$ cat work-v5.pdb   # PDB, C-alpha atoms, pLDDT in the B column
ATOM      1  CA  MET X   1      93.924  72.494  93.051  1.00 47.00           C
ATOM      2  CA  ALA X   2      93.653  75.614  95.184  1.00 49.00           C
ATOM      3  CA  GLY X   3      91.675  78.490  93.716  1.00 52.00           C
ATOM      4  CA  SER X   4      93.657  81.151  91.917  1.00 49.00           C
ATOM      5  CA  GLY X   5      92.828  83.645  94.667  1.00 57.00           C
ATOM      6  CA  ASP X   6      94.497  81.360  97.191  1.00 60.00           C
ATOM      7  CA  ILE X   7      97.567  80.969  94.990  1.00 62.00           C
ATOM      8  CA  LEU X   8      97.936  84.726  94.440  1.00 67.00           C
ATOM      9  CA  ARG X   9      97.231  85.779  98.004  1.00 72.00           C
ATOM     10  CA  GLY X  10     100.243  87.553  99.409  1.00 81.00           C
ATOM     11  CA  HIS X  11     102.028  87.746  96.042  1.00 90.00           C
ATOM     12  CA  THR X  12      99.895  90.151  94.010  1.00 93.00           C
ATOM     13  CA  GLU X  13     101.990  93.205  94.867  1.00 95.00           C
ATOM     14  CA  THR X  14     105.256  91.390  94.153  1.00 96.00           C
ATOM     15  CA  ILE X  15     103.944  90.280  90.765  1.00 96.00           C
ATOM     16  CA  ILE X  16     102.795  93.815  89.926  1.00 97.00           C
ATOM     17  CA  LEU X  17     106.185  95.222  90.949  1.00 98.00           C
ATOM     18  CA  ARG X  18     107.941  92.672  88.721  1.00 97.00           C
ATOM     19  CA  ILE X  19     105.766  93.620  85.754  1.00 98.00           C
ATOM     20  CA  LEU X  20     106.314  97.348  86.329  1.00 98.00           C
ATOM     21  CA  GLY X  21     110.042  96.712  86.668  1.00 97.00           C
ATOM     22  CA  GLU X  22     109.945  95.881  82.960  1.00 97.00           C
ATOM     23  CA  GLY X  23     108.205  99.149  82.068  1.00 97.00           C
ATOM     24  CA  ASP X  24     105.251 101.394  82.802  1.00 97.00           C
ATOM     25  CA  SER X  25     101.852  99.869  82.184  1.00 96.00           C
ATOM     26  CA  TYR X  26      98.130 100.312  82.798  1.00 94.00           C
ATOM     27  CA  GLY X  27      95.689  98.211  84.791  1.00 94.00           C
ATOM     28  CA  TYR X  28      94.120  96.111  82.052  1.00 92.00           C
ATOM     29  CA  GLU X  29      97.503  95.260  80.537  1.00 94.00           C
ATOM     30  CA  ILE X  30      98.921  94.256  83.938  1.00 96.00           C
ATOM     31  CA  ALA X  31      95.914  92.035  84.669  1.00 94.00           C
ATOM     32  CA  LYS X  32      96.254  90.461  81.212  1.00 94.00           C
ATOM     33  CA  ASP X  33      99.979  89.816  81.827  1.00 95.00           C
ATOM     34  CA  ILE X  34      99.124  88.034  85.087  1.00 93.00           C
ATOM     35  CA  ILE X  35      96.368  85.939  83.504  1.00 92.00           C
ATOM     36  CA  ASP X  36      98.467  85.075  80.429  1.00 93.00           C
ATOM     37  CA  GLY X  37     101.455  84.175  82.589  1.00 93.00           C
ATOM     38  CA  GLY X  38      99.222  82.124  84.879  1.00 87.00           C
ATOM     39  CA  GLU X  39      98.816  79.387  82.261  1.00 87.00           C
ATOM     40  CA  GLY X  40      95.096  79.015  82.907  1.00 82.00           C
ATOM     41  CA  VAL X  41      95.641  78.392  86.620  1.00 83.00           C
ATOM     42  CA  ILE X  42      95.785  82.003  87.780  1.00 83.00           C
ATOM     43  CA  ASP X  43      92.973  84.484  87.350  1.00 83.00           C
ATOM     44  CA  VAL X  44      92.884  87.931  88.880  1.00 86.00           C
ATOM     45  CA  LYS X  45      89.882  90.123  89.550  1.00 87.00           C
ATOM     46  CA  ASP X  46      89.865  93.823  88.681  1.00 87.00           C
ATOM     47  CA  ALA X  47      89.019  94.690  92.287  1.00 90.00           C
ATOM     48  CA  THR X  48      92.113  92.826  93.494  1.00 90.00           C
ATOM     49  CA  ILE X  49      94.390  94.660  91.058  1.00 92.00           C
ATOM     50  CA  TYR X  50      93.005  98.136  91.676  1.00 93.00           C
ATOM     51  CA  THR X  51      92.954  97.690  95.448  1.00 94.00           C
ATOM     52  CA  ALA X  52      96.614  96.674  95.257  1.00 95.00           C
ATOM     53  CA  PHE X  53      97.394  99.715  93.065  1.00 96.00           C
ATOM     54  CA  ARG X  54      95.845 102.100  95.615  1.00 97.00           C
ATOM     55  CA  ARG X  55      97.671 100.477  98.516  1.00 96.00           C
ATOM     56  CA  MET X  56     100.984 100.434  96.644  1.00 97.00           C
ATOM     57  CA  GLU X  57     100.641 104.083  95.648  1.00 97.00           C
ATOM     58  CA  GLU X  58      99.916 105.037  99.272  1.00 97.00           C
ATOM     59  CA  GLU X  59     103.048 103.112 100.320  1.00 98.00           C
ATOM     60  CA  GLY X  60     105.154 104.918  97.717  1.00 98.00           C
ATOM     61  CA  LEU X  61     105.890 101.768  95.684  1.00 98.00           C
ATOM     62  CA  LEU X  62     104.475 103.206  92.481  1.00 98.00           C
ATOM     63  CA  THR X  63     103.336 106.452  90.940  1.00 98.00           C
ATOM     64  CA  THR X  64     100.689 107.121  88.327  1.00 97.00           C
ATOM     65  CA  TYR X  65     100.209 109.384  85.354  1.00 96.00           C
ATOM     66  CA  TRP X  66      97.646 109.777  82.606  1.00 94.00           C
ATOM     67  CA  GLY X  67      98.493 108.729  79.071  1.00 89.00           C
ATOM     68  CA  ASP X  68      96.598 108.505  75.843  1.00 78.00           C
ATOM     69  CA  GLY X  69      95.002 105.212  74.960  1.00 68.00           C
ATOM     70  CA  VAL X  70      93.584 103.690  71.828  1.00 70.00           C
ATOM     71  CA  GLY X  71      90.855 105.797  70.247  1.00 74.00           C
ATOM     72  CA  GLY X  72      91.688 108.811  72.383  1.00 73.00           C
ATOM     73  CA  ALA X  73      90.637 107.208  75.675  1.00 81.00           C
ATOM     74  CA  ARG X  74      92.907 108.199  78.542  1.00 88.00           C
ATOM     75  CA  ARG X  75      94.623 105.472  80.532  1.00 91.00           C
ATOM     76  CA  ARG X  76      96.102 105.659  83.978  1.00 94.00           C
ATOM     77  CA  TYR X  77      99.637 104.323  83.812  1.00 96.00           C
ATOM     78  CA  TYR X  78     101.594 102.941  86.730  1.00 98.00           C
ATOM     79  CA  LYS X  79     105.343 103.370  87.216  1.00 98.00           C
ATOM     80  CA  ILE X  80     107.523 101.638  89.798  1.00 98.00           C
ATOM     81  CA  THR X  81     109.445 103.942  92.164  1.00 98.00           C
ATOM     82  CA  GLU X  82     112.926 103.427  93.598  1.00 98.00           C
ATOM     83  CA  LYS X  83     111.289 102.306  96.836  1.00 98.00           C
ATOM     84  CA  GLY X  84     109.174  99.867  94.804  1.00 98.00           C
ATOM     85  CA  LYS X  85     112.320  98.447  93.209  1.00 98.00           C
ATOM     86  CA  GLN X  86     113.891  97.945  96.642  1.00 98.00           C
ATOM     87  CA  VAL X  87     110.760  96.287  98.014  1.00 97.00           C
ATOM     88  CA  TYR X  88     110.600  94.020  94.949  1.00 98.00           C
ATOM     89  CA  ALA X  89     114.241  92.973  95.392  1.00 98.00           C
ATOM     90  CA  ALA X  90     113.589  92.117  99.062  1.00 97.00           C
ATOM     91  CA  LYS X  91     110.397  90.210  98.261  1.00 95.00           C
ATOM     92  CA  LEU X  92     112.160  88.307  95.473  1.00 96.00           C
ATOM     93  CA  GLU X  93     114.853  87.131  97.887  1.00 96.00           C
ATOM     94  CA  GLU X  94     112.154  86.180 100.407  1.00 93.00           C
ATOM     95  CA  TRP X  95     110.324  84.226  97.667  1.00 92.00           C
ATOM     96  CA  LYS X  96     113.490  82.358  96.689  1.00 95.00           C
ATOM     97  CA  LEU X  97     114.048  81.288 100.299  1.00 94.00           C
ATOM     98  CA  VAL X  98     110.424  80.242 100.885  1.00 91.00           C
ATOM     99  CA  SER X  99     110.275  78.451  97.521  1.00 91.00           C
ATOM    100  CA  ARG X 100     113.437  76.485  98.305  1.00 93.00           C
ATOM    101  CA  ILE X 101     112.173  75.506 101.749  1.00 93.00           C
ATOM    102  CA  LEU X 102     108.682  74.538 100.535  1.00 90.00           C
ATOM    103  CA  THR X 103     110.143  72.498  97.685  1.00 92.00           C
ATOM    104  CA  LYS X 104     112.313  70.637 100.183  1.00 93.00           C
ATOM    105  CA  LEU X 105     109.378  70.058 102.544  1.00 93.00           C
ATOM    106  CA  ILE X 106     106.874  69.040  99.866  1.00 92.00           C
ATOM    107  CA  VAL X 107     109.065  67.177  97.398  1.00 93.00           C
ATOM    108  CA  GLY X 108     111.451  65.779  99.991  1.00 88.00           C
ATOM    109  CA  GLY X 109     115.143  65.137  99.989  1.00 72.00           C
ATOM    110  CA  ASN X 110     118.014  66.973 101.668  1.00 60.00           C
ATOM    111  CA  ARG X 111     117.675  65.091 104.927  1.00 56.00           C
TER     112      ARG X 111
END
$ encode --input "work-v5.pdb" --output "structure tokens"
Amino acid sequence: MAGSGDILRGHTETIILRILGEGDSYGYEIAKDIIDGGEGVIDVKDATIYTAFRRMEEEGLLTTYWGDGVGGARRRYYKITEKGKQVYAAKLEEWKLVSRILTKLIVGGNR
């Protein structure tokens, strides 16, 4: 099977936007959500997540703020913006189309 990096490539930002669409979160929790949802097939490196966060913030897809964490440690929280919601909706529709086409090409049928 392809490595988890290969599977995630090109979809990391869409996955992060989906997670943030459900509520604000911080880096470790987002990475854990991805790994837990990946059923042992998907793993994500911290560098990948935090690079995506920086890029997405620069593009206006998310904003950040500091919140209190467990034991008084401060956590940087991420929040999806309206632009981020629009980009997610577009990428979701793109994913549905590509998924349908790849399923047809790989599984067969619909000739």
$ residues_around --input "work-v5.pdb" --residues "range 53-66 of chain X" --least-positions-apart "6" --cutoff "9 Å" --atoms "only C-alpha atoms" --output "list of chain:residue names"
X:Glu13, X:Ile16, X:Leu17, X:Leu20, X:Gly27, X:Arg74, X:Arg75, X:Arg76, X:Tyr77, X:Tyr78, X:Lys79, X:Ile80, X:Thr81, X:Glu82, X:Lys83, X:Gly84, X:Lys85, X:Gln86, X:Val87
$ resolve_selection --input "work-v5.pdb" --expression "the PyMOL selection byres ((chain X and resi 28) around 12)" --output "number ranges by chain"
X: 16, 25-27, 29-36, 44-47, 49-50, 69, 75-78
$ closest_residue --input "work-v5.pdb" --among "X:Thr103, X:Gly71, X:Gly108, X:Tyr88" --to "His11 in chain X" --atoms "only C-alpha atoms"
X:Tyr88
$ atom_distance --input "work-v5.pdb" --atom1 "CA of Thr12 in chain X" --atom2 "CA of Val107 in chain X"
25.0 Å
$ atom_distance --input "work-v5.pdb" --atom1 "CA of Glu22 in chain X" --atom2 "CA of Arg9 in chain X"
22.1 Å
$ atom_distance --input "work-v5.pdb" --atom1 "CA of Thr48 in chain X" --atom2 "CA of Val98 in chain X"
23.4 Å
$ closest_residue --input "work-v5.pdb" --among "X:Ala89, X:Ile101, X:Lys96, X:Gly37" --to "Gly21 in chain X" --atoms "only C-alpha atoms"
X:Ala89
$ closest_residue --input "work-v5.pdb" --among "X:Thr14, X:Ile19, X:Gly67, X:Ile42" --to "Trp95 in chain X" --atoms "all atoms listed in the file"
X:Thr14
$ build_atoms --input "work-v5.pdb" --residues "range 23-34 of chain X" --atoms "all heavy atoms" --output "tab-separated table (two decimals), keeping the file's coordinate frame"
chain	number	residue	atom	x	y	z
X	23	GLY	N	108.68	97.95	82.76
X	23	GLY	CA	108.20	99.15	82.07
X	23	GLY	C	106.85	99.59	82.57
X	23	GLY	O	106.10	98.78	83.13
X	24	ASP	N	106.54	100.85	82.38
X	24	ASP	CA	105.25	101.39	82.80
X	24	ASP	C	104.12	100.66	82.09
X	24	ASP	O	104.28	100.20	80.96
X	24	ASP	CB	105.16	102.88	82.46
X	24	ASP	CG	106.25	103.71	83.11
X	24	ASP	OD1	107.07	103.14	83.86
X	24	ASP	OD2	106.28	104.93	82.87
X	25	SER	N	102.98	100.58	82.76
X	25	SER	CA	101.85	99.87	82.18
X	25	SER	C	100.56	100.37	82.81
X	25	SER	O	100.58	101.12	83.78
X	25	SER	CB	102.01	98.36	82.41
X	25	SER	OG	101.09	97.63	81.63
X	26	TYR	N	99.44	99.93	82.27
X	26	TYR	CA	98.13	100.31	82.80
X	26	TYR	C	97.41	99.06	83.30
X	26	TYR	O	97.81	97.94	83.02
X	26	TYR	CB	97.31	101.07	81.75
X	26	TYR	CG	97.12	100.35	80.44
X	26	TYR	CD1	95.97	99.62	80.20
X	26	TYR	CD2	98.10	100.40	79.45
X	26	TYR	CE1	95.79	98.95	79.00
X	26	TYR	CE2	97.92	99.74	78.24
X	26	TYR	CZ	96.77	99.02	78.02
X	26	TYR	OH	96.59	98.36	76.84
X	27	GLY	N	96.36	99.29	84.07
X	27	GLY	CA	95.69	98.21	84.79
X	27	GLY	C	95.29	97.01	83.97
X	27	GLY	O	95.60	95.87	84.33
X	28	TYR	N	94.59	97.23	82.87
X	28	TYR	CA	94.12	96.11	82.05
X	28	TYR	C	95.30	95.28	81.53
X	28	TYR	O	95.26	94.06	81.54
X	28	TYR	CB	93.27	96.61	80.88
X	28	TYR	CG	92.88	95.51	79.92
X	28	TYR	CD1	91.83	94.64	80.22
X	28	TYR	CD2	93.58	95.31	78.73
X	28	TYR	CE1	91.49	93.61	79.35
X	28	TYR	CE2	93.25	94.29	77.86
X	28	TYR	CZ	92.20	93.44	78.17
X	28	TYR	OH	91.86	92.43	77.33
X	29	GLU	N	96.33	95.96	81.08
X	29	GLU	CA	97.50	95.26	80.54
X	29	GLU	C	98.21	94.44	81.62
X	29	GLU	O	98.64	93.32	81.37
X	29	GLU	CB	98.46	96.27	79.91
X	29	GLU	CG	99.62	95.63	79.17
X	29	GLU	CD	100.45	96.66	78.44
X	29	GLU	OE1	100.98	97.59	79.09
X	29	GLU	OE2	100.56	96.52	77.21
X	30	ILE	N	98.29	94.98	82.83
X	30	ILE	CA	98.92	94.26	83.94
X	30	ILE	C	98.10	93.02	84.28
X	30	ILE	O	98.64	91.93	84.45
X	30	ILE	CB	99.11	95.18	85.16
X	30	ILE	CG1	100.15	96.25	84.84
X	30	ILE	CG2	99.51	94.38	86.40
X	30	ILE	CD1	100.26	97.36	85.86
X	31	ALA	N	96.78	93.18	84.38
X	31	ALA	CA	95.91	92.04	84.67
X	31	ALA	C	96.05	90.97	83.58
X	31	ALA	O	96.13	89.77	83.88
X	31	ALA	CB	94.46	92.49	84.79
X	32	LYS	N	96.10	91.40	82.32
X	32	LYS	CA	96.25	90.46	81.21
X	32	LYS	C	97.60	89.73	81.30
X	32	LYS	O	97.67	88.52	81.07
X	32	LYS	CB	96.13	91.21	79.89
X	32	LYS	CG	96.12	90.30	78.67
X	32	LYS	CD	95.89	91.11	77.40
X	32	LYS	CE	95.88	90.31	76.15
X	32	LYS	NZ	96.80	89.22	76.03
X	33	ASP	N	98.66	90.45	81.66
X	33	ASP	CA	99.98	89.82	81.83
X	33	ASP	C	99.93	88.73	82.90
X	33	ASP	O	100.52	87.66	82.74
X	33	ASP	CB	101.05	90.84	82.20
X	33	ASP	CG	101.46	91.73	81.04
X	33	ASP	OD1	101.10	91.43	79.88
X	33	ASP	OD2	102.14	92.75	81.30
X	34	ILE	N	99.23	89.01	84.00
X	34	ILE	CA	99.12	88.03	85.09
X	34	ILE	C	98.34	86.81	84.61
X	34	ILE	O	98.76	85.67	84.81
X	34	ILE	CB	98.48	88.67	86.33
X	34	ILE	CG1	99.42	89.73	86.92
X	34	ILE	CG2	98.15	87.59	87.38
X	34	ILE	CD1	98.79	90.59	88.01
